[in-house]
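Accompanying notes for the structure given below.
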Amino acid sequence: MNKLPGKDNIPLSGRPQLNRKINAALIFGLVRDDGPISRAELARRTGIRSTSVSAIVDQLIEQRYLREAGRGESTGGRHPILLEVNPRGMLAAGLEIGEDALNGVIVDLLGQVVASAQLRLPDTSVDTIIKEGGGLLEQLAARAGEARRRLGAVGVAVPGIIAREPDTVVLSQPLGWKNVSLGGLLRAAWGMDIYVLNNAMAGALSEYIALRGKRPRSLLYVLLYLRHVKKALLGSVGCGIVLDGRPYFGEGHMAGEIRVDIAHPLALAHEKTGAAFKNLEQLAAACEQTPERFAPVWEAFAEQIGSVIAHGLDFLDPSLVILGTDAPEIVPHVEQKVVAVARARSVCGRVEELAPDLVTHRLKLEIHTLTPDTIARGAIVPRLQEMALAPLPMNGVFG
């Protein structure tokens with residue numbers, strides 16, 4: 001019997017439960033992508049025996065993942081019964097823990113948001129998160145018209161370094177946490193399946209699934225917070241990476257972590273012009289009045305962000321870069337400048353300039369404004385794809 005290299009006690013064959021799960025994933029994926037579809041068509045397209053297809057479909061219907069969707073056209077015999085995904089067959093929640101608020105969503109089996117809510121936080125202590133988060137879940141479930149016990153899992157996005165096993169927040173400077181076993185604490189308090197991941201990775205997954213038919217092979221997502229940060233002189237920056245449709249966490253679950261301080265536009269405005277502003281709205285209004293005065297502010301800011309993106313371009317060479325920010329005011333001032341800096345400072349940008357005819361892939365960078373549910377929605381993606389039995393292919397989950 002064949003065995004895995006270095007794993008003498010794990011055979012490659014004779015594992016019917018694994019084979020059944022793989023077959024179930026194939027069937028579920030086909031129904032999700034191409035349904036409504038018949039059992040006979042599933043057997044033809046997967047090569048799985050019709051009796052096995054029927055057994056798997058019956059189980060998926062019993063688990064409420066699939067449902068019957070009426071009868072199809074006859075090809076000479078009886079009309080086939082068609083199958084489709086049952087969106088309400090599974091609900092899951094996503095929560096984003098911010099520096100001043102909790103954002104939450106409930107999504108169905110197809111990843112569509114069915115309820116959303118936001119809750120301001122008095123502080124970011126773990127006890128507060130447990131208490132307020134539990135209340136937010138009850139609020140979300142009520143808005144979705146379901147009992148909380150019907151939620152299959154909760155994905156929690158945290159600004160910080162996460163150790164996947166056992167869902168521990170190793171360090172979160174924004175929240176002031178060190179070595180917090182968040183997954184275990186939340187499971188004990190809420191009695192639910194919990195999945196914890198970094199907020200930038202959650203943002204990357206949220207943006208990836210939103211791309212639908214034009215999903216890239218690789219995505220570099222840069223998350224930039226300028227509003228909801230405790231240190232007004234610094235911006236908060238993180239990165240998330242999606243490769244071949246799957247989140248890339250790295251061997252130590254720290255892929256995309258960057259250690260760099262980004263000077264806040266308000267700090268740069270004071271440094272470059274001597275002007276003091278309370279918020280970004282005031283700075284934006286002043287820029288409208290005298291744009292030439294504040295041009296050095298945005299040049300300096302774009303230089304910082306463009307340099308971060310350039311490093312990511314050189315290491316990853318992604319199909320697409322998305323800069324997600326909570327400050328839409330900055331976009332008109334920095335969008336073109338950030339692209340110019342990233343192109344000038346990256347190897348791929350230099351090659352594109354020196355030999356444009358030889359370049360098959362050009363820098364593609366987009367700036368997206370965060371919505372209240374962007375990060376929360378992405379938080380549940382990894383757990384939901386596991387629960388739905390299906391991997392995350394190029395045109396797959398939530399498509």
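By convention in this document, the chains of the structure tokens carry letters A, B, ... by their order, each chain's residues are numbered from 1, and ligands are numbered from 1 in the order they are shown.
Within 10 Å of region 246-250 of chain A, once only C-alpha atoms are used and residues closer than 5 positions along the same chain are dropped, the contacting residues are Ile162, Arg164, Leu197, Asn198, Met201, Ala202, Ala204, Leu205, Tyr208, Arg217, Ser218, Leu219, Gly240, Ile241, Ala255, Gly256, Glu257, Val381, Pro382, Pro391, Leu392, Pro393 and Met394 of chain A.
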Go through region 170-334 of chain A and collect every residue that DSSP, computed from the backbone, puts in helix (DSSP H, G or I); the answer should be as a PyMOL selection string. chain A and resi 182-190+199-210+212-214+265-273+280-289+291-316+328-334
Determine, counting only C-alpha atoms, which protein, DNA and RNA residues have an atom within 9 Å of an atom of Pro318 (chain A); residues of the same chain fewer than 4 positions away are not included. Present the result as a VMD selection string. chain A and resid 216 to 220 243 312 to 314 363 to 364
Atomic separation - CA of Arg148 (chain A) relative to CA of Ala92 (chain A), Å: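 Here the two named atoms are 9.6 Å from each other.
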Which residues, written as a PyMOL selection string, have at least one atom at most 6 Å from Ile194 (chain A), with only C-alpha atoms counted and residues fewer than 4 positions away on the same chain left out? chain A and resi 153-155+183
Selection export as a PDB file, in the first residue's frame, atoms kept: N, CA and C atoms:
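result01.pdb, freshly written:
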ATOM      1  N   ALA A 153     -20.722  29.245  12.391  1.00  0.00           N
ATOM      2  CA  ALA A 153     -19.400  29.632  12.894  1.00  0.00           C
ATOM      3  C   ALA A 153     -19.319  31.149  12.929  1.00  0.00           C
ATOM      4  N   VAL A 154     -18.274  31.636  13.599  1.00  0.00           N
ATOM      5  CA  VAL A 154     -18.013  33.066  13.662  1.00  0.00           C
ATOM      6  C   VAL A 154     -16.550  33.297  13.287  1.00  0.00           C
ATOM      7  N   GLY A 155     -16.329  34.126  12.261  1.00  0.00           N
ATOM      8  CA  GLY A 155     -14.979  34.535  11.914  1.00  0.00           C
ATOM      9  C   GLY A 155     -14.687  35.877  12.563  1.00  0.00           C
ATOM     10  N   GLY A 183      -9.445  32.711  20.411  1.00  0.00           N
ATOM     11  CA  GLY A 183     -10.347  31.663  19.944  1.00  0.00           C
ATOM     12  C   GLY A 183     -10.925  30.845  21.080  1.00  0.00           C
TER      13      GLY A 183
END
Any chance you could tabulate, as CSV, the residues of region 72-170 of chain A at most 6 Å from region 25-46 of chain A with each one's nearest atom pair and distance in Å to one decimal, using only C-alpha atoms, in chain and rising number order?
residue,atom,partner,partner_atom,distance
A:Ile81,CA,A:Ser38,CA,5.8
A:Leu82,CA,A:Ser38,CA,4.5
A:Leu83,CA,A:Pro36,CA,5.0
A:Glu84,CA,A:Pro36,CA,4.8
A:Val85,CA,A:Arg32,CA,5.7
